[in-house]
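To start, the structure itself, in structure tokens.
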Amino acid sequence: MADLDDIRDGDNFGLNSPADTSKFYLKGMNSMSWGVKNRMARIFNRTSGRTVMLAFDHGFLMGPTSGLERIDLNIAPLAEHADCLMGCRGTIRTMIPPENTQPVCLRADTGTTILTEMNHNVLLGEDEMISMNASALAAMIAIGDDATEAKTIANFSRLVDIGNRYDIPVMCVTAVGKDMARDARYFGLASRVGAENGASIVKTYYTEGFENVVAATPVPVVIAGGKKLPEIEALEMAHKAIECGAAGVDMGRNVFQSEAPIAMIKAVSGVVHDGLKPAEALELFETLKNEA
Ligand code: R5P
């Protein structure tokens with residue numbers, strides 16, 4: 001019951017402090033809902049405007065690939081050093097401690113493995129996405145692949161419908177078709193298709209001319225790391241992507257297959273958030289590796 005005899009009139013309306021009408025800090029997000037912005041703000045550092053996502057969703061396609069044999073041993077210790085964890089429901093539920101409070105980007109599509117043709121045409125149920133406390137959802141589109149392009153775009157669009165219903169941002173994972181040229185034209189097309197279909201984040205691959213890919217994609221772009229490279233090359237790639245305007249990385253193998261994964265994710269963070277040059281980041285990596 002309200003206390004009707006103690007209704008105090010407000011007397012502090014901040015008349016000299018106009019409401020903040022400045023724009024939201026992430027590209028393309030200004031017209032999004034409060035829920036989308038709030039989730040994006042969990043993933044993207046508010047000072048740098050960037051993110052270091054740790055990708056460990058590979059097993060649903062590849063099985064226990066190198067570095068992911070035991071996610072409880074390989075990935076869980078890295079979790080606190082990542083800005084966001086990108087994985088599948090089964091591994092997150094069974095091997096990431098629930099005390100972890102890093103935001104989760106949940107891999108929400110499935111369908112086939114590397115043993116057959118890629119064809120991700122099944123989505124998790126909406127209740128699963130909610131129950132996993134997902135801060136973002138991810139699904140793949142296979143642009144340029146005759147057999148699966150239409151199915152994967154339709155699947156992705158359905159996921160965006162679900163994300164929009166619950167204000168959960170959706171990340172578009174641009175796959176590289178077997179016969180596709182890995183160039184800015186192809187990745188630019190795939191990234192734009194993801195954004196046109198409602199992605200709030202696009203994950204693609206770094207390539208020469210990447211500034212055009214970023215410029216033509218109206219939402220934050222993060223790069224996958226791809227196959228394992230020597231540490232300096234992976235750091236150079238991250239640095240070049242950031243210089244071209246990328247909003248961070250969603251990196252897997254170049255972190256968890258490194259000889260010192262914690263040192264590597266910290267070095268990548270140095271590039272993404274602190275503007276370290278590749279040589280400085282490598283020095284940080286070597287120092288942390290030797291301290292471990
Ligand atoms: C690809 O479908 C997966 O989403 C991987 O998460 C992605 O390729 C990033 O991992 P990596 O840095 O190992 O390429």
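Residue numbering restarts at 1 in every chain; chains get A, B, ... in the order shown in the structure tokens, and ligands count up from 1 in that same order.
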Please extract the residues at most 8 Å from ligand 1, counting only C-alpha atoms and all ligand atoms, and provide them as a ChimeraX atom specification, using the chain letters and residue numbers of this document. /A:55-58,86-87,107,140,173-175,223-228,250-255
For the selection you just gave me, I'd like the residues written to a file as an mmCIF file, in the first residue's frame, keeping C-alpha atoms.
```cif
data_model
loop_
_atom_site.group_PDB
_atom_site.id
_atom_site.type_symbol
_atom_site.label_atom_id
_atom_site.label_comp_id
_atom_site.auth_asym_id
_atom_site.auth_seq_id
_atom_site.Cartn_x
_atom_site.Cartn_y
_atom_site.Cartn_z
ATOM 1 C CA ALA A 55 35.979 -18.862 -30.462
ATOM 2 C CA PHE A 56 35.818 -22.529 -29.480
ATOM 3 C CA ASP A 57 32.822 -23.705 -31.493
ATOM 4 C CA HIS A 58 34.986 -25.753 -33.874
ATOM 5 C CA MET A 86 31.790 -18.068 -28.491
ATOM 6 C CA GLY A 87 30.850 -21.726 -28.305
ATOM 7 C CA ARG A 107 26.557 -20.867 -31.784
ATOM 8 C CA MET A 140 26.869 -19.191 -40.621
ATOM 9 C CA VAL A 173 29.648 -16.016 -39.531
ATOM 10 C CA THR A 174 30.759 -15.709 -43.141
ATOM 11 C CA ALA A 175 31.971 -19.069 -44.384
ATOM 12 C CA ILE A 223 37.891 -11.169 -37.807
ATOM 13 C CA ALA A 224 38.300 -14.893 -37.373
ATOM 14 C CA GLY A 225 41.901 -15.965 -36.946
ATOM 15 C CA GLY A 226 41.848 -18.909 -39.348
ATOM 16 C CA LYS A 227 44.453 -21.653 -39.284
ATOM 17 C CA LYS A 228 47.289 -21.476 -36.744
ATOM 18 C CA ASP A 250 36.689 -13.684 -32.760
ATOM 19 C CA MET A 251 39.791 -15.825 -32.610
ATOM 20 C CA GLY A 252 40.149 -19.519 -31.932
ATOM 21 C CA ARG A 253 43.054 -21.611 -33.177
ATOM 22 C CA ASN A 254 45.635 -18.847 -33.009
ATOM 23 C CA VAL A 255 44.889 -18.631 -29.294
#
```
Please list as a PyMOL selection string every residue within 10 Å of Pro261 (chain A), counting only C-alpha atoms and excluding residues in the same chain fewer than 4 positions away. chain A and resi 67+74-75+77-78+253-257+265-267+285+289
Can I get the selection written as an mmCIF file, in the first residue's frame, with N, CA and C atoms?
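Below you can see again-v4.cif, which holds the result:
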```cif
data_model
loop_
_atom_site.group_PDB
_atom_site.id
_atom_site.type_symbol
_atom_site.label_atom_id
_atom_site.label_comp_id
_atom_site.auth_asym_id
_atom_site.auth_seq_id
_atom_site.Cartn_x
_atom_site.Cartn_y
_atom_site.Cartn_z
ATOM 1 N N GLY A 67 43.885 -28.615 -29.409
ATOM 2 C CA GLY A 67 43.660 -27.455 -28.546
ATOM 3 C C GLY A 67 42.276 -27.437 -27.919
ATOM 4 N N ASN A 74 41.427 -26.685 -21.542
ATOM 5 C CA ASN A 74 42.033 -25.801 -22.557
ATOM 6 C C ASN A 74 41.404 -24.414 -22.602
ATOM 7 N N ILE A 75 40.093 -24.351 -22.440
ATOM 8 C CA ILE A 75 39.377 -23.093 -22.669
ATOM 9 C C ILE A 75 38.946 -22.413 -21.372
ATOM 10 N N PRO A 77 40.271 -21.997 -18.490
ATOM 11 C CA PRO A 77 41.230 -21.056 -17.876
ATOM 12 C C PRO A 77 41.438 -19.770 -18.682
ATOM 13 N N LEU A 78 41.050 -19.785 -19.957
ATOM 14 C CA LEU A 78 41.206 -18.582 -20.789
ATOM 15 C C LEU A 78 40.026 -17.627 -20.656
ATOM 16 N N ARG A 253 41.845 -20.790 -33.111
ATOM 17 C CA ARG A 253 43.054 -21.611 -33.177
ATOM 18 C C ARG A 253 44.325 -20.855 -32.873
ATOM 19 N N ASN A 254 44.404 -19.599 -33.282
ATOM 20 C CA ASN A 254 45.635 -18.847 -33.009
ATOM 21 C C ASN A 254 45.801 -18.516 -31.534
ATOM 22 N N VAL A 255 44.765 -18.763 -30.752
ATOM 23 C CA VAL A 255 44.889 -18.631 -29.294
ATOM 24 C C VAL A 255 45.047 -20.012 -28.666
ATOM 25 N N PHE A 256 44.056 -20.889 -28.869
ATOM 26 C CA PHE A 256 44.104 -22.143 -28.096
ATOM 27 C C PHE A 256 45.120 -23.159 -28.637
ATOM 28 N N GLN A 257 45.626 -22.947 -29.852
ATOM 29 C CA GLN A 257 46.700 -23.819 -30.333
ATOM 30 C C GLN A 257 48.085 -23.203 -30.126
ATOM 31 N N ILE A 265 46.340 -14.698 -25.725
ATOM 32 C CA ILE A 265 45.090 -13.909 -25.711
ATOM 33 C C ILE A 265 45.355 -12.531 -25.097
ATOM 34 N N LYS A 266 46.281 -12.453 -24.151
ATOM 35 C CA LYS A 266 46.622 -11.138 -23.584
ATOM 36 C C LYS A 266 47.346 -10.273 -24.610
ATOM 37 N N ALA A 267 48.186 -10.893 -25.413
ATOM 38 C CA ALA A 267 48.889 -10.141 -26.463
ATOM 39 C C ALA A 267 47.899 -9.643 -27.522
ATOM 40 N N PHE A 285 53.842 -11.159 -25.256
ATOM 41 C CA PHE A 285 53.608 -12.607 -25.326
ATOM 42 C C PHE A 285 54.802 -13.379 -24.762
ATOM 43 N N LYS A 289 54.788 -15.617 -21.469
ATOM 44 C CA LYS A 289 55.062 -17.048 -21.665
ATOM 45 C C LYS A 289 56.185 -17.497 -20.743
#
```
Members of region 112-144 of chain A assigned alpha helix (DSSP H) by DSSP, as a VMD selection string: chain A and resid 126 to 131
Go through region 166-185 of chain A and flag each residue having an atom no more than 10 Å from region 102-106 of chain A; for those, report the closest pair of atoms plus their distance in Å to one decimal, using only C-alpha atoms, ordered by chain and rising number, as CSV.
```
residue,atom,partner,partner_atom,distance
A:Ile168,CA,A:Cys105,CA,9.8
A:Pro169,CA,A:Cys105,CA,9.1
A:Val170,CA,A:Cys105,CA,8.6
A:Met171,CA,A:Cys105,CA,8.1
```
Give me the residues within 8 Å of His239 (chain A) as a ChimeraX atom specification, counting only C-alpha atoms and dropping any in the same chain fewer than 3 places off. /A:235-236,242-243,271-272,277-278
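Considering the residues A:Asp167, A:Asn212, A:Gly59, A:Ala76 and counting only C-alpha atoms, Ile262 (chain A) has its shortest atom-to-atom contact with A:Ala76.
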Write down as a list in words the residues belonging to region 78-156 of chain A that are assigned strand (DSSP E) by DSSP computed on the backbone. Cys84, Leu85, Met86, Gly87, Val104, Cys105, Leu106, Arg107, Asp109, Thr110, Val122, Leu123, Ala134, Ser135, Ala136, Leu137, Ala138, Ala139, Met140 and Ile141 of chain A
